[in-house]
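Visitor: Hey, dropping target37.cif in here, mmCIF, C-alpha atoms:
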data_run
loop_
_atom_site.group_PDB
_atom_site.id
_atom_site.type_symbol
_atom_site.label_atom_id
_atom_site.label_comp_id
_atom_site.auth_asym_id
_atom_site.auth_seq_id
_atom_site.Cartn_x
_atom_site.Cartn_y
_atom_site.Cartn_z
ATOM 1 C CA MET A 22 20.899 45.066 2.683
ATOM 2 C CA THR A 23 19.702 47.962 0.625
ATOM 3 C CA HIS A 24 20.342 51.619 0.714
ATOM 4 C CA GLU A 25 16.974 52.519 -0.692
ATOM 5 C CA ASN A 26 14.778 55.252 0.689
ATOM 6 C CA SER A 27 11.282 54.145 1.584
ATOM 7 C CA THR A 28 9.731 57.438 0.542
ATOM 8 C CA PRO A 29 10.342 58.912 -2.890
ATOM 9 C CA GLN A 30 11.640 62.420 -2.811
ATOM 10 C CA ILE A 31 11.154 65.219 -5.260
ATOM 11 C CA ALA A 32 14.342 66.442 -6.815
ATOM 12 C CA LYS A 33 14.315 70.163 -7.426
ATOM 13 C CA PRO A 34 16.977 72.189 -9.147
ATOM 14 C CA GLY A 35 19.190 73.906 -6.637
ATOM 15 C CA ASP A 36 18.052 71.798 -3.737
ATOM 16 C CA SER A 37 21.220 70.027 -2.708
ATOM 17 C CA GLN A 38 19.438 67.751 -0.263
ATOM 18 C CA ASN A 39 17.185 66.331 -2.942
ATOM 19 C CA GLN A 40 19.819 66.287 -5.652
ATOM 20 C CA VAL A 41 21.371 63.174 -4.150
ATOM 21 C CA SER A 42 18.137 61.349 -3.593
ATOM 22 C CA ALA A 43 18.504 59.098 -6.610
ATOM 23 C CA ARG A 44 22.049 58.195 -5.664
ATOM 24 C CA ARG A 45 20.857 57.363 -2.184
ATOM 25 C CA ARG A 46 18.169 55.143 -3.635
ATOM 26 C CA LEU A 47 20.696 52.996 -5.461
ATOM 27 C CA ILE A 48 20.596 49.468 -4.177
ATOM 28 C CA LYS A 49 23.796 48.411 -2.461
ATOM 29 C CA GLY A 50 25.656 45.738 -4.352
ATOM 30 C CA SER A 51 23.931 46.143 -7.674
ATOM 31 C CA PHE A 52 23.782 48.627 -10.492
ATOM 32 C CA ALA A 53 21.259 48.099 -13.277
ATOM 33 C CA ALA A 54 21.645 49.458 -16.768
ATOM 34 C CA PRO A 55 20.453 53.067 -16.961
ATOM 35 C CA ALA A 56 17.182 53.308 -18.880
ATOM 36 C CA ALA A 57 15.404 56.236 -20.507
ATOM 37 C CA LEU A 58 11.958 55.898 -22.025
ATOM 38 C CA THR A 59 10.408 58.833 -23.816
ATOM 39 C CA LEU A 60 6.729 59.208 -23.060
ATOM 40 C CA CYS A 61 4.330 59.328 -26.010
ATOM 41 C CA SER A 62 3.014 62.738 -26.923
ATOM 42 C CA GLY A 63 -0.593 63.521 -26.152
ATOM 43 C CA SER A 64 -1.461 64.173 -29.766
ATOM 44 C CA ALA A 65 -0.357 60.713 -30.808
ATOM 45 C CA LEU A 66 -2.471 59.151 -28.108
ATOM 46 C CA ALA A 67 -5.476 61.244 -29.089
ATOM 47 C CA ALA A 68 -5.146 60.180 -32.699
ATOM 48 C CA ALA A 69 -5.191 56.536 -31.699
ATOM 49 C CA SER A 70 -7.889 56.868 -29.088
ATOM 50 C CA GLN A 71 -11.093 54.959 -29.597
ATOM 51 C CA THR A 72 -12.923 57.545 -27.541
ATOM 52 C CA CYS A 73 -12.463 59.849 -30.508
ATOM 53 C CA VAL A 74 -15.486 58.234 -32.115
ATOM 54 C CA GLN A 75 -17.572 58.815 -29.033
ATOM 55 C CA LYS A 76 -16.582 62.450 -28.928
ATOM 56 C CA LEU A 77 -17.455 62.925 -32.553
ATOM 57 C CA VAL A 78 -20.675 61.009 -32.906
ATOM 58 C CA THR A 79 -22.277 60.414 -29.553
ATOM 59 C CA PRO A 80 -25.238 62.734 -29.614
ATOM 60 C CA PRO A 81 -26.606 64.411 -26.546
ATOM 61 C CA GLY A 82 -30.077 62.954 -26.172
ATOM 62 C CA GLY A 83 -29.621 59.689 -28.042
ATOM 63 C CA GLY A 84 -30.409 58.510 -31.559
ATOM 64 C CA ASN A 85 -33.061 59.386 -34.059
ATOM 65 C CA GLY A 86 -34.308 56.190 -35.632
ATOM 66 C CA GLY A 87 -31.424 54.641 -37.487
ATOM 67 C CA VAL A 88 -29.483 57.859 -37.426
ATOM 68 C CA ASP A 89 -27.669 59.477 -34.575
ATOM 69 C CA ALA A 90 -28.895 62.817 -33.357
ATOM 70 C CA SER A 91 -25.758 64.881 -33.784
ATOM 71 C CA PRO A 92 -26.904 68.136 -35.349
ATOM 72 C CA PRO A 93 -27.176 68.265 -39.138
ATOM 73 C CA LEU A 94 -26.436 71.392 -41.074
ATOM 74 C CA THR A 95 -29.057 73.961 -40.301
ATOM 75 C CA THR A 96 -29.650 77.590 -41.079
ATOM 76 C CA THR A 97 -27.826 78.504 -37.901
ATOM 77 C CA ASP A 98 -24.911 76.134 -38.403
ATOM 78 C CA THR A 99 -21.888 78.031 -39.641
ATOM 79 C CA SER A 100 -19.358 75.280 -39.131
ATOM 80 C CA THR A 101 -17.450 74.057 -42.144
ATOM 81 C CA THR A 102 -16.808 70.532 -40.959
ATOM 82 C CA SER A 103 -19.285 67.941 -39.735
ATOM 83 C CA PHE A 104 -18.980 64.287 -38.922
ATOM 84 C CA TRP A 105 -21.984 62.056 -39.156
ATOM 85 C CA ARG A 106 -22.731 58.409 -38.950
ATOM 86 C CA VAL A 107 -25.618 56.298 -40.127
ATOM 87 C CA GLN A 108 -26.654 52.835 -39.138
ATOM 88 C CA VAL A 109 -25.731 49.769 -41.177
ATOM 89 C CA TYR A 110 -28.421 47.229 -41.977
ATOM 90 C CA GLN A 111 -27.927 43.585 -42.904
ATOM 91 C CA SER A 112 -29.926 41.631 -45.415
ATOM 92 C CA SER A 113 -31.510 38.441 -44.147
ATOM 93 C CA SER A 114 -33.030 37.228 -47.424
ATOM 94 C CA GLY A 115 -32.788 37.383 -51.183
ATOM 95 C CA PRO A 116 -29.811 37.115 -53.530
ATOM 96 C CA ASN A 117 -27.682 39.348 -51.312
ATOM 97 C CA ASN A 118 -28.466 37.607 -48.061
ATOM 98 C CA GLY A 119 -25.918 38.637 -45.442
ATOM 99 C CA SER A 120 -24.843 41.787 -47.254
ATOM 100 C CA LYS A 121 -24.767 45.125 -45.445
ATOM 101 C CA TRP A 122 -26.518 48.280 -46.594
ATOM 102 C CA VAL A 123 -27.004 51.934 -45.789
ATOM 103 C CA ARG A 124 -30.462 53.396 -46.244
ATOM 104 C CA GLY A 125 -30.934 56.459 -48.413
ATOM 105 C CA LEU A 126 -33.689 57.531 -46.051
ATOM 106 C CA ASP A 127 -31.107 57.880 -43.311
ATOM 107 C CA ILE A 128 -28.764 59.796 -45.588
ATOM 108 C CA VAL A 129 -31.435 62.212 -46.745
ATOM 109 C CA SER A 130 -32.618 62.858 -43.219
ATOM 110 C CA ARG A 131 -29.060 63.717 -42.241
ATOM 111 C CA GLN A 132 -28.487 66.015 -45.175
ATOM 112 C CA GLY A 133 -30.293 68.965 -43.670
ATOM 113 C CA VAL A 134 -30.220 72.341 -45.371
ATOM 114 C CA LYS A 135 -27.696 75.078 -45.830
ATOM 115 C CA PRO A 136 -28.562 78.680 -46.572
ATOM 116 C CA GLY A 137 -27.992 79.715 -50.158
ATOM 117 C CA ALA A 138 -27.153 76.236 -51.368
ATOM 118 C CA THR A 139 -29.005 73.286 -52.820
ATOM 119 C CA LEU A 140 -27.639 70.196 -51.184
ATOM 120 C CA THR A 141 -27.916 66.844 -52.889
ATOM 121 C CA PRO A 142 -26.953 63.693 -51.005
ATOM 122 C CA PHE A 143 -25.493 60.811 -52.962
ATOM 123 C CA LEU A 144 -28.536 58.643 -52.209
ATOM 124 C CA SER A 145 -32.193 59.466 -52.604
ATOM 125 C CA SER A 146 -34.616 58.446 -49.902
ATOM 126 C CA ASN A 147 -35.736 55.299 -51.731
ATOM 127 C CA GLN A 148 -32.252 54.030 -52.507
ATOM 128 C CA TYR A 149 -29.967 51.679 -50.608
ATOM 129 C CA TYR A 150 -26.184 51.504 -50.780
ATOM 130 C CA ARG A 151 -24.384 48.223 -50.290
ATOM 131 C CA THR A 152 -21.260 48.612 -48.176
ATOM 132 C CA ASN A 153 -20.196 44.990 -47.856
ATOM 133 C CA PRO A 154 -19.359 42.930 -49.809
ATOM 134 C CA ALA A 155 -18.563 44.486 -53.193
ATOM 135 C CA PRO A 156 -19.482 48.037 -52.266
ATOM 136 C CA ASN A 157 -20.900 50.708 -54.537
ATOM 137 C CA ILE A 158 -23.998 48.759 -55.534
ATOM 138 C CA THR A 159 -27.097 50.893 -55.236
ATOM 139 C CA SER A 160 -30.541 49.400 -55.022
ATOM 140 C CA THR A 161 -33.813 51.225 -55.350
ATOM 141 C CA ASN A 162 -35.894 48.606 -53.672
ATOM 142 C CA THR A 163 -35.908 46.122 -50.855
ATOM 143 C CA THR A 164 -37.465 43.217 -52.683
ATOM 144 C CA SER A 165 -35.763 39.885 -53.037
ATOM 145 C CA SER A 166 -35.728 39.941 -56.848
ATOM 146 C CA GLY A 167 -32.908 41.255 -58.986
ATOM 147 C CA SER A 168 -29.174 41.193 -58.442
ATOM 148 C CA ASP A 169 -29.170 44.491 -56.578
ATOM 149 C CA ALA A 170 -32.023 43.664 -54.221
ATOM 150 C CA THR A 171 -31.456 44.203 -50.559
ATOM 151 C CA GLY A 172 -33.913 41.621 -49.336
ATOM 152 C CA THR A 173 -35.179 42.096 -45.813
ATOM 153 C CA LEU A 174 -33.009 44.493 -43.860
ATOM 154 C CA ASN A 175 -32.405 44.342 -40.149
ATOM 155 C CA GLY A 176 -30.535 46.741 -37.936
ATOM 156 C CA THR A 177 -27.061 45.534 -36.978
ATOM 157 C CA GLY A 178 -26.153 47.970 -34.242
ATOM 158 C CA GLN A 179 -23.188 48.927 -36.407
ATOM 159 C CA TRP A 180 -22.555 52.391 -37.727
ATOM 160 C CA ILE A 181 -20.661 53.854 -40.596
ATOM 161 C CA ALA A 182 -19.258 57.310 -41.164
ATOM 162 C CA VAL A 183 -20.449 59.367 -44.094
ATOM 163 C CA ARG A 184 -18.335 61.772 -46.084
ATOM 164 C CA VAL A 185 -19.296 65.381 -46.356
ATOM 165 C CA ASP A 186 -17.833 67.749 -48.913
ATOM 166 C CA SER A 187 -16.983 71.378 -48.323
ATOM 167 C CA ALA A 188 -20.409 72.455 -49.586
ATOM 168 C CA GLY A 189 -22.181 70.265 -47.064
ATOM 169 C CA ASN A 190 -23.305 67.475 -49.372
ATOM 170 C CA ILE A 191 -23.138 63.926 -48.094
ATOM 171 C CA VAL A 192 -21.125 62.465 -50.921
ATOM 172 C CA GLY A 193 -20.364 58.939 -49.842
ATOM 173 C CA ILE A 194 -19.291 56.497 -47.214
ATOM 174 C CA GLN A 195 -16.024 56.929 -45.438
ATOM 175 C CA GLY A 196 -13.567 54.276 -46.533
ATOM 176 C CA ILE A 197 -15.477 53.418 -49.713
ATOM 177 C CA ALA A 198 -14.543 55.164 -52.925
ATOM 178 C CA ALA A 199 -12.991 57.798 -50.717
ATOM 179 C CA SER A 200 -11.753 60.909 -52.371
ATOM 180 C CA GLY A 201 -9.420 63.242 -50.579
ATOM 181 C CA SER A 202 -11.073 66.200 -52.185
ATOM 182 C CA THR A 203 -14.481 65.331 -50.840
ATOM 183 C CA SER A 204 -13.781 63.822 -47.476
ATOM 184 C CA ALA A 205 -14.058 66.021 -44.460
ATOM 185 C CA MET A 206 -12.683 63.305 -42.228
ATOM 186 C CA THR A 207 -9.424 62.216 -43.762
ATOM 187 C CA ALA A 208 -7.418 64.129 -41.190
ATOM 188 C CA THR A 209 -9.146 62.665 -38.185
ATOM 189 C CA CYS A 210 -9.069 59.408 -36.319
ATOM 190 C CA TRP A 211 -12.242 58.446 -38.168
ATOM 191 C CA THR A 212 -10.061 57.186 -40.953
ATOM 192 C CA SER A 213 -8.804 54.348 -38.797
ATOM 193 C CA PHE A 214 -12.265 52.823 -38.811
ATOM 194 C CA LYS A 215 -13.224 50.590 -41.689
ATOM 195 C CA VAL A 216 -16.533 49.198 -42.811
ATOM 196 C CA MET B 13 38.022 60.088 -22.939
ATOM 197 C CA ALA B 14 34.617 61.573 -23.642
ATOM 198 C CA ARG B 15 33.159 63.920 -21.095
ATOM 199 C CA TYR B 16 29.488 64.392 -20.501
ATOM 200 C CA ALA B 17 27.482 67.295 -19.122
ATOM 201 C CA ARG B 18 23.944 67.544 -17.899
ATOM 202 C CA SER B 19 21.716 69.753 -20.018
ATOM 203 C CA GLU B 20 20.544 72.980 -18.428
ATOM 204 C CA GLY B 21 17.068 73.436 -16.985
ATOM 205 C CA ILE B 22 16.163 69.793 -16.561
ATOM 206 C CA LEU B 23 13.398 69.115 -14.081
ATOM 207 C CA ILE B 24 13.372 65.744 -12.356
ATOM 208 C CA GLU B 25 10.652 64.369 -10.184
ATOM 209 C CA ALA B 26 10.291 61.048 -8.449
ATOM 210 C CA MET B 27 7.367 58.911 -9.586
ATOM 211 C CA GLY B 28 7.212 55.879 -7.342
ATOM 212 C CA HIS B 29 10.260 53.803 -8.114
ATOM 213 C CA LEU B 30 10.909 55.656 -11.349
ATOM 214 C CA TRP B 31 11.637 59.239 -12.234
ATOM 215 C CA ALA B 32 10.200 61.687 -14.713
ATOM 216 C CA ALA B 33 12.628 64.109 -16.317
ATOM 217 C CA PHE B 34 11.472 67.082 -18.369
ATOM 218 C CA CYS B 35 13.905 68.587 -20.811
ATOM 219 C CA PRO B 36 12.946 72.151 -21.785
ATOM 220 C CA ALA B 37 15.175 72.000 -24.847
ATOM 221 C CA THR B 38 13.221 69.169 -26.446
ATOM 222 C CA GLY B 39 9.923 69.675 -24.640
ATOM 223 C CA GLU B 40 9.784 65.969 -23.939
ATOM 224 C CA THR B 41 9.277 64.116 -20.706
ATOM 225 C CA THR B 42 11.336 61.005 -20.197
ATOM 226 C CA LEU B 43 10.835 58.191 -17.753
ATOM 227 C CA LEU B 44 14.101 57.243 -16.070
ATOM 228 C CA ASN B 45 15.213 54.586 -13.662
ATOM 229 C CA THR B 46 17.230 55.412 -10.569
ATOM 230 C CA GLU B 47 20.527 54.592 -12.249
ATOM 231 C CA SER B 48 19.929 57.149 -14.993
ATOM 232 C CA VAL B 49 18.973 59.837 -12.513
ATOM 233 C CA SER B 50 22.060 59.016 -10.463
ATOM 234 C CA ILE B 51 24.185 59.799 -13.486
ATOM 235 C CA LEU B 52 22.364 63.112 -13.940
ATOM 236 C CA GLU B 53 22.924 63.914 -10.290
ATOM 237 C CA VAL B 54 26.624 63.245 -10.595
ATOM 238 C CA LEU B 55 26.727 65.520 -13.619
ATOM 239 C CA GLU B 56 24.923 68.300 -11.798
ATOM 240 C CA ALA B 57 28.215 69.240 -10.182
ATOM 241 C CA GLY B 58 29.713 69.734 -13.623
ATOM 242 C CA ALA B 59 30.842 67.855 -16.692
ATOM 243 C CA ALA B 60 32.675 64.649 -15.990
ATOM 244 C CA ASP B 61 34.242 61.796 -17.862
ATOM 245 C CA GLU B 62 32.907 58.287 -17.663
ATOM 246 C CA ALA B 63 35.610 57.101 -15.269
ATOM 247 C CA THR B 64 34.826 59.825 -12.755
ATOM 248 C CA ILE B 65 31.117 59.108 -12.991
ATOM 249 C CA CYS B 66 31.716 55.407 -12.435
ATOM 250 C CA ASP B 67 33.975 56.044 -9.444
ATOM 251 C CA LEU B 68 31.374 58.216 -7.737
ATOM 252 C CA LEU B 69 28.568 55.773 -8.415
ATOM 253 C CA ALA B 70 30.744 52.917 -7.202
ATOM 254 C CA GLU B 71 31.037 54.670 -3.863
ATOM 255 C CA ASP B 72 27.271 55.013 -3.738
ATOM 256 C CA CYS B 73 26.279 51.459 -4.512
ATOM 257 C CA GLY B 74 29.316 49.403 -3.610
ATOM 258 C CA VAL B 75 29.766 47.926 -7.059
ATOM 259 C CA ASP B 76 33.196 48.161 -8.611
ATOM 260 C CA ALA B 77 33.661 50.926 -11.142
ATOM 261 C CA ALA B 78 34.494 48.573 -13.983
ATOM 262 C CA THR B 79 31.145 46.835 -13.645
ATOM 263 C CA ILE B 80 29.339 50.156 -13.633
ATOM 264 C CA ALA B 81 31.328 51.300 -16.644
ATOM 265 C CA ALA B 82 30.135 48.271 -18.552
ATOM 266 C CA GLN B 83 26.554 49.046 -17.607
ATOM 267 C CA ILE B 84 26.502 52.720 -18.495
ATOM 268 C CA GLU B 85 28.625 52.472 -21.599
ATOM 269 C CA GLY B 86 25.614 52.020 -23.827
ATOM 270 C CA CYS B 87 23.317 54.511 -22.136
ATOM 271 C CA TRP B 88 24.871 57.684 -23.474
ATOM 272 C CA PRO B 89 23.214 57.689 -26.906
ATOM 273 C CA SER B 90 19.750 57.419 -25.386
ATOM 274 C CA LEU B 91 20.415 60.081 -22.734
ATOM 275 C CA ILE B 92 21.831 62.380 -25.379
ATOM 276 C CA GLU B 93 18.959 61.684 -27.766
ATOM 277 C CA VAL B 94 16.331 62.706 -25.239
ATOM 278 C CA GLY B 95 18.278 65.874 -24.490
ATOM 279 C CA LEU B 96 19.213 65.174 -20.884
ATOM 280 C CA VAL B 97 22.945 64.873 -21.473
ATOM 281 C CA ARG B 98 25.341 66.341 -23.979
ATOM 282 C CA GLU B 99 28.792 65.233 -24.868
ATOM 283 C CA VAL B 100 31.495 67.769 -24.121
ATOM 284 C CA ARG B 101 34.319 67.702 -26.553
ATOM 285 C CA ALA B 102 37.733 68.905 -25.432
ATOM 286 C CA ALA B 103 38.829 72.146 -26.987
ATOM 287 C CA ARG B 104 41.430 71.675 -29.693
ATOM 288 C CA THR B 105 44.801 73.212 -29.083
ATOM 289 C CA MET B 106 46.468 74.819 -32.028
ATOM 290 C CA PRO B 107 50.074 73.841 -32.551
ATOM 291 C CA GLY B 108 52.362 76.709 -31.673
#
As structure tokens, what does this structure read like?

Guide:
Amino acid sequence: MTHENSTPQIAKPGDSQNQVSARRRLIKGSFAAPAALTLCSGSALAAASQTCVQKLVTPPGGGNGGVDASPPLTTTDTSTTSFWRVQVYQSSSGPNNGSKWVRGLDIVSRQGVKPGATLTPFLSSNQYYRTNPAPNITSTNTTSSGSDATGTLNGTGQWIAVRVDSAGNIVGIQGIAASGSTSAMTATCWTSFKV
Amino acid sequence: MARYARSEGILIEAMGHLWAAFCPATGETTLLNTESVSILEVLEAGAADEATICDLLAEDCGVDAATIAAQIEGCWPSLIEVGLVREVRAARTMPG
């Protein structure tokens, strides 16, 4: 036989009737060990949330070729921090078959402009940046000859975050050759995502 | 014997079979089982030592006080850590 109430009651300070509700809910003949579990703070959950990526990079209106359509720096953009992503392509031929690359064309198209400043992305439009394996190899062509050739590239459906410095230049790939002084994303949940 | 008191301003609300307790001193919300809240309810009347708490809870649930004492003996650090309970130390008397 139990002494448990079927309906939970709200205990309010100063309400003597509700103050005893927990004691009345004790089960007759047994007494479990008291337990106290502190709930996680909201900030910790937000930092670990995978929806963080969606909030940061999902563009209203969809993608723009291989690049998402989140707004680049423009003459009307006065924000100091931007988070962008570009698509990752995979080689299906040549000496680097299977390797993954970022296209300079995507980087340049994301660079945008900023009033009063000349912005220079780390890749030119005809260059390609290998992200995996052995990152930091830059190719200037997509042919299958040469050790830095990309071969034929195909979209992977994968994305990678790019680093933006305080001036607005796209200076690299997040997680590769990262520099705290040039990354605008080191303090965000982006940093939990690797190539 | 150590005496324990319930911290001031604690808000407790039933959540199904568990309880949520908010401690304004720490700003944290803690999930408690019924046994923990029962201890807090006993302490709402004022600070009490462990024996008194066990006796009152024994009347509530029909378990002997010694068994309850064994169960709650280890709960004090966690209840104190989350700010729901504080230990009351007896005032020292100066030798005359």

Visitor: Suppose a student applies the PyMOL selection byres ((chain B) within 7 of (chain A)) to this structure; what residues should they get, written as a ChimeraX atom specification?

Guide: /B:23-26,28,41-50,53,72-75,80,83-84,87,90-91

Visitor: By how many Å are CA of Trp122 (chain A) and CA of Leu140 (chain A) apart?

Guide: 22.4 Å

Visitor: Could you work out how far CA of Tyr110 (chain A) lies from CA of Arg184 (chain A), giving the answer in Å with one decimal?

Guide: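 That distance, rounded to one decimal, is 18.2 Å.
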
Visitor: Between CA of Trp88 (chain B) and CA of Thr38 (chain B), measure the distance and give it in Å to one decimal.

Guide: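 Interatomic distance, CA of Trp88 (chain B) to CA of Thr38 (chain B): 16.6 Å.
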
Visitor: Can you list, as a VMD selection string, the residues that the PyMOL selection byres ((chain A and resi 174) around 9) selects here?

Guide: chain A and resid 110 to 114 121 to 122 163 171 to 173 175 to 176

Visitor: Name every residue that the PyMOL selection byres ((chain B and resi 36) around 12) selects in this structure, writing the answer as a PyMOL selection string with chains first and numbers rising.

Guide: chain B and resi 19-24+33-35+37-42+94-96

Visitor: Set the distance at 6 Å and use only C-alpha atoms: which residues neighbour region 58-62 of chain B once local chain neighbours fewer than 2 positions away are removed? I'd like the list as a list in words.

Guide: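 My list of contacting residues is Ala14, Arg15, Tyr16, Ala17, Leu55, Glu56, Thr64 and Ile65 of chain B.
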
Visitor: Include C-alpha atoms and write out the residues we just selected as a PDB file, in the coordinates of the input.

Guide:
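Dumped to again_11.pdb:
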ATOM      1  CA  ALA B  14      34.617  61.573 -23.642  1.00  0.00           C
ATOM      2  CA  ARG B  15      33.159  63.920 -21.095  1.00  0.00           C
ATOM      3  CA  TYR B  16      29.488  64.392 -20.501  1.00  0.00           C
ATOM      4  CA  ALA B  17      27.482  67.295 -19.122  1.00  0.00           C
ATOM      5  CA  LEU B  55      26.727  65.520 -13.619  1.00  0.00           C
ATOM      6  CA  GLU B  56      24.923  68.300 -11.798  1.00  0.00           C
ATOM      7  CA  THR B  64      34.826  59.825 -12.755  1.00  0.00           C
ATOM      8  CA  ILE B  65      31.117  59.108 -12.991  1.00  0.00           C
TER       9      ILE B  65
END
